[in-house]
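Asker: To start, I am sharing the structure in question, which I have written as C-alpha cells.
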Amino acid sequence: MASQAVAHEAEHHAPPPNVDADVVTRELIATTTGASGRFKAWTWGLGILSVVGIVALILKFIDQGDDSTKWGYVAALVSFLLSVTGGAPMVAMAPVMAKANWVRPITRIAALFSFAGVATIIMLIPLVAILPPLVTEGARRRTVWYMAPDYSPHFWTTLSLVLLLITGIALFYSAALPDFASMRDHSTGWRQRLGKRLARGWVGTDVQWRTLRMRIGMFGSFYFLILVFVNFLVSTDFGQSMVPGWRDAIFPMYHTVSGFQAGVAGVVIALYFSRKYMKLEKYIHLDAFWSLGRLLFALTLLWIYFFYSSFIVFWYGRSENDIATLDLLIKGPMIYAFFAGMILLWFVPWWILIWNKVRRGTAMMVVGSFVILIGLLIDRIRTFVPAWSVPGDQIHQKWLKVIPETVWPDIFDILIMAGGISLVAFIVMMMTRVIPVLSVWQVQEFNLLAKPIRYMKGHATLVAKPD
Amino acid sequence: MRKSILGLFQQPEPAADAMDGLKEAGFELGTFDVLTGTPYPEGAFGEHVPQHRLFRYPAFGAIIGFTLAVFLTSVTQLAYPLVTGGKPILSIFAMLIIMYEMTMLAGVIATVIGIVIESRLPNMQPGIYDTRITEGWIGVVITFDDESKVADAESVLNKAGALEIKHA
C-alpha cells in the first residue's frame, strides 16, 4: 500500500476532520427522510412541468406527426438530455478507476443521473416514429447504414438507449448494494423493507467487497462503450443523415465530448444543491469542487478543439456541400444560436473556470456549470433544428441547394423542452428520497484512506492508495 | 448443523489480532472471515486473499472469437471466390474488421460470464451478523463443523479484545 501526502497551498482551507463511521451512516441515511417544504414545492413543480411536457409531446405528435421539419427542437432536446444524463454517470466511474480519492463521496450523485435516462427515451419515442426509413421514394438515402434493413437506425438507436439505461442502473445498483444493507440495518418503514430486498444478503465479507469492485469495473467499462456508441448513433442518424451533403467524421466525437462536459456540469449543480440544502458540507468537501472544476475546464477547452477541428475541414474544403453545410449550421438560419452557443459553452466558462479561486469555491462553479448547460442546449438547437428543418423531398440531393429559414419553437416545443428538463431534475430529486444522495460506504472509505494532518507549518491530507 | 460465532470489534487493529490468533490456534483458512462496512485494503486484516481467475475469461473468449472470425471470413470468401479490384481472394485488410469485432465481442461475452461465475450467487441467508457492522464495527466470524473448537475461538476473540461475541 503506497501513501502520499497532498500538500495544500497556504491560502487553501485546512482539510476537514474525519467523521466517525456511525455518524456518517446515521446522518446520510437520515437525508432520505424529512424533506423540507422547499424541496417538496420544487418536486411538485417539476413533477407538474414533467407531466405537462409529456402531454405536449403527445399532442404535438397527434397534430404534427406527419411533418418531420417541425421536430428539430425535440431532436435537440433528446441530444441534450442524452448528453447530461449519459455524461454524468461517467463521473461515477472514470476517476474511480484512476483511484482518485476525492471522487468517492460523490459517485452516488453522479450515478443517480442514470435513472433520468428514462426522460431521454420518452422524448425519443415520437422521433423514432417520424425519422424517415433508409429507403424513401424508391432510393436509399445517405447514412452510415449501407446495406442494412430499412428501419435499422430506428431499431438500433432505441435498443442502444435502453441498453445505456439498463447498464447505468446496473452500475448504480452494483455500487449501492452496501448502502441498501445500511438501510436494512438502520432505516425504518418501506425504506428498510426495500433495503432488505435489494441488499441481497450483503454482510460485507471480503469476497463480497472484491466482487463488488469487479462489478463496478465491468459495468463502468460497458457503460463507457455503450455511451460512445449511443452518441455516435444519435449524432449521425438524428443529425447528419437528415442533411444532404453533411459529412463530418468529427461530429460524433464532438457530440460525445460535449456530452461529458454537460455531464460534469450537471454533477456540479446537483452537488452544489445537495451540499447547501441537505447540509452536507462535512461530507462534500471543497476538494471535490476543485477537482471537478479542473475536469470541467479541460472539457471546456476540448469543446473548442473539436469544434475547430470539424469546422476547418469545411472552411478549407470549399466544395458545394461544404459551403451548404456551413450555411445551414453556422452562417445561415442559426448564426445567432451559433454565437450564443460558442460564448456560453466555451468562452464564458473558460473565463470563469480559469481562475483558481473560482474552482476552489462553490458559487461561481455552479454559475459556470449553469452557463455550460444553457450553452449546450443552444448548441444542440443550432445543430439539430436546422438538420430536421430540411424538407423530406430534398433528402436525396448531393448537397443542400436551398437553405431553410430559421425555425422558431412553437408552444409545444417550449412545453416539451421545459418538461423534459424538469423530468430529469424530478427523477434525480425523487431518487434522493429512496437512497442516500452520498454513498455511505464510500464516504466511510474516503475517511478510512484520507487523514488530515499537519505538514510542517501547513495542512495536508495524507491519502492511502491501496494497490 | 454448522455453528457460527461472531466477535465484534470497534477498531480494526484488534480484529486483525483476532485473525492472527485464529491462524495461530490452528483454525483452517476459509473457516473464518472478517465482516466490514467499508472495503479495507486487501490483506489489511491478514486475511487469506484468494487469487481470482477472472483474467482468464476475456483471454479465452478473445482466442475463441478470433479463431471463429478467421474461420468465418476465410470460408465465406473461399466459398464465393469473387475477385474485387484485383485483390487476393483472402484479403487480410477486409478480414481485419470482422476479426477485431468478433474478438472483442467474444471477449466481452466471456468476461460477463466470468464475472457471474466469480461473483457466485448471492447468499440470501447470510447467517450470523450484527447491524453495527454498517456503523463501522468490525466482525470476525468463525464457522465450525466441530463444536469442541467453539471455546478455543471464543478465547482467541476475547484475548484480542472483542467487545461482544454472538452465537448462531
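Residues in the C-alpha cells are named by chain (A, B, ... in the order shown) and by number from 1 within that chain; ligands are numbered from 1 in the order shown.
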Step one, run DSSP on the backbone; step two, keep only residues of segment 9-168 of chain B assigned to helix (DSSP H, G or I); then write them as a ChimeraX atom specification.

Answerer: /B:12-24,56-79,92-119,131-135,147-160

Asker: Taking only C-alpha atoms into account, find every residue of chain A that has an atom no more than 7 Å from chain B, and write it out as a short mmCIF file (atom, residue, chain, number, x, y, z; two decimals) with N, CA and C atoms, in the first residue's frame.

Answerer:
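Contents of the output file iface30.cif:
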```cif
data_model
loop_
_atom_site.label_atom_id
_atom_site.label_comp_id
_atom_site.auth_asym_id
_atom_site.auth_seq_id
_atom_site.Cartn_x
_atom_site.Cartn_y
_atom_site.Cartn_z
N ALA A 21 -17.65 6.72 11.67
CA ALA A 21 -18.43 5.91 10.74
C ALA A 21 -19.91 5.82 11.15
N ASP A 22 -20.17 5.70 12.45
CA ASP A 22 -21.58 5.57 12.87
C ASP A 22 -22.34 6.87 12.60
N THR A 25 -23.14 6.99 8.81
CA THR A 25 -24.29 6.13 8.49
C THR A 25 -25.59 6.78 8.90
N SER A 182 -27.04 -0.91 4.63
CA SER A 182 -27.12 0.10 5.70
C SER A 182 -28.56 0.51 5.95
N ASP A 185 -30.29 -2.10 7.85
CA ASP A 185 -29.88 -2.14 9.26
C ASP A 185 -30.35 -0.93 10.06
N ARG A 200 -29.64 -8.08 -0.95
CA ARG A 200 -29.30 -9.43 -1.40
C ARG A 200 -28.34 -10.13 -0.45
N GLY A 201 -28.61 -10.05 0.83
CA GLY A 201 -27.80 -10.79 1.79
C GLY A 201 -26.41 -10.22 2.01
N VAL A 203 -23.37 -8.73 3.75
CA VAL A 203 -22.88 -8.59 5.12
C VAL A 203 -21.48 -7.98 5.17
N GLY A 204 -20.86 -7.84 4.01
CA GLY A 204 -19.55 -7.18 3.96
C GLY A 204 -18.37 -8.12 4.12
N THR A 205 -18.47 -9.35 3.59
CA THR A 205 -17.31 -10.25 3.63
C THR A 205 -16.28 -9.79 2.60
N ASP A 206 -15.10 -10.33 2.74
CA ASP A 206 -14.01 -9.96 1.82
C ASP A 206 -14.38 -10.31 0.38
N TRP A 209 -16.81 -7.75 -1.10
CA TRP A 209 -16.18 -6.48 -1.48
C TRP A 209 -15.39 -6.65 -2.78
N THR A 211 -15.93 -8.83 -5.24
CA THR A 211 -16.82 -8.95 -6.41
C THR A 211 -17.53 -7.62 -6.68
N TRP A 441 -20.95 3.97 2.22
CA TRP A 441 -19.71 3.18 2.34
C TRP A 441 -18.54 3.90 1.70
N GLN A 444 -17.31 6.51 4.06
CA GLN A 444 -16.51 5.84 5.10
C GLN A 444 -15.15 5.42 4.55
N GLU A 445 -15.14 4.96 3.30
CA GLU A 445 -13.87 4.56 2.69
C GLU A 445 -12.96 5.78 2.51
N PRO A 466 -4.41 2.07 -1.92
CA PRO A 466 -4.16 0.62 -1.96
C PRO A 466 -3.89 0.17 -3.40
#
```

Asker: Excluding Ile109 of chain B and its own-chain neighbours fewer than 6 positions away, which residues fall within 12 Å of it when counting only C-alpha atoms? Please give them as a ChimeraX atom specification.

Answerer: /A:218,222 /B:57-62,64-65,102-103,115-116

Asker: I want to know what sits within 9 Å of Leu353 of chain A, based on only C-alpha atoms, with residues of the same chain fewer than 5 positions away left out; could you give that as a ChimeraX atom specification?

Answerer: /A:293-294,296-297,348,358-359,364-365,368

Asker: Please, what distance in Å, to one decimal, runs between atom CA of Arg191 of chain A and atom CA of Gln442 of chain A?

Answerer: 19.9 Å

Asker: Residues of segment 10-162 of chain B classed as strand (DSSP E or B) by DSSP on the backbone are to be reported as a PyMOL selection string.

Answerer: chain B and resi 32-35+138-144

Asker: Name the residues in contact with Leu28 of chain A at a cut-off of 12 Å, using only C-alpha atoms, excluding same-chain residues fewer than 3 positions from it; report them as an NGL selection string.

Answerer: (:A and (19 or 21-25 or 31-33 or 105 or 108 or 179 or 182-183 or 186-187 or 274-275 or 278-284 or 432-444)) or (:B and (135))

Asker: Please provide the set of residues having any atom within 12 Å of Trp388 of chain A, restricted to only C-alpha atoms, with same-chain residues fewer than 2 positions apart removed, written as an MDAnalysis selection string.

Answerer: chainID A and resid 67:76 127 130:132 237:244 328:329 380:386 390:392 394:395 403:407

Asker: What are the nearest atom pairs, with distances in Å to one decimal, for all residues of segment 99-165 of chain A that come at most 12 Å from segment 448-458 of chain A, using only C-alpha atoms, set out by chain and rising residue number as CSV?

Answerer:
```
residue,atom,partner,partner_atom,distance
A:Lys99,CA,A:Leu449,CA,11.3
A:Ala100,CA,A:Leu449,CA,11.1
A:Asn101,CA,A:Ala450,CA,7.8
A:Trp102,CA,A:Ala450,CA,9.3
A:Arg104,CA,A:Leu449,CA,10.5
A:Pro105,CA,A:Ala450,CA,11.9
```

Asker: Could those selected residues go to a file with N, CA and C atoms, as an mmCIF file, in the first residue's frame?

Answerer:
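Output contents, as saved in again.cif:
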```cif
data_model
loop_
_atom_site.group_PDB
_atom_site.id
_atom_site.type_symbol
_atom_site.label_atom_id
_atom_site.label_comp_id
_atom_site.auth_asym_id
_atom_site.auth_seq_id
_atom_site.Cartn_x
_atom_site.Cartn_y
_atom_site.Cartn_z
ATOM 1 N N LYS A 99 -8.391 5.713 -9.343
ATOM 2 C CA LYS A 99 -8.147 5.720 -7.895
ATOM 3 C C LYS A 99 -8.079 7.125 -7.317
ATOM 4 N N ALA A 100 -8.924 8.026 -7.808
ATOM 5 C CA ALA A 100 -8.979 9.376 -7.252
ATOM 6 C C ALA A 100 -9.813 9.327 -5.965
ATOM 7 N N ASN A 101 -9.220 9.734 -4.861
ATOM 8 C CA ASN A 101 -9.933 9.615 -3.584
ATOM 9 C C ASN A 101 -11.038 10.659 -3.450
ATOM 10 N N TRP A 102 -10.840 11.846 -4.058
ATOM 11 C CA TRP A 102 -11.808 12.930 -3.881
ATOM 12 C C TRP A 102 -13.188 12.571 -4.413
ATOM 13 N N ARG A 104 -14.760 9.662 -4.307
ATOM 14 C CA ARG A 104 -15.509 8.606 -3.635
ATOM 15 C C ARG A 104 -16.847 9.080 -3.041
ATOM 16 N N PRO A 105 -16.861 10.186 -2.290
ATOM 17 C CA PRO A 105 -18.137 10.562 -1.675
ATOM 18 C C PRO A 105 -19.213 10.989 -2.676
#
```

Asker: As an exercise, work out the distance from atom CA of Ala288 of chain A to atom CA of Lys465 of chain A in Å and give it to one decimal place.

Answerer: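 According to the coordinates, atom CA of Ala288 of chain A and atom CA of Lys465 of chain A are separated by 17.3 Å.
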
Asker: Quick one, how far is atom CA of Leu227 of chain A from atom CA of Ala110 of chain A?

Answerer: 14.8 Å

Asker: Neighbours of Ile54 of chain A within 12 Å (only C-alpha atoms; same-chain residues fewer than 3 positions away dropped), as a VMD selection string?

Answerer: chain A and resid 47 to 51 57 to 61 74 119 to 126 412 to 423
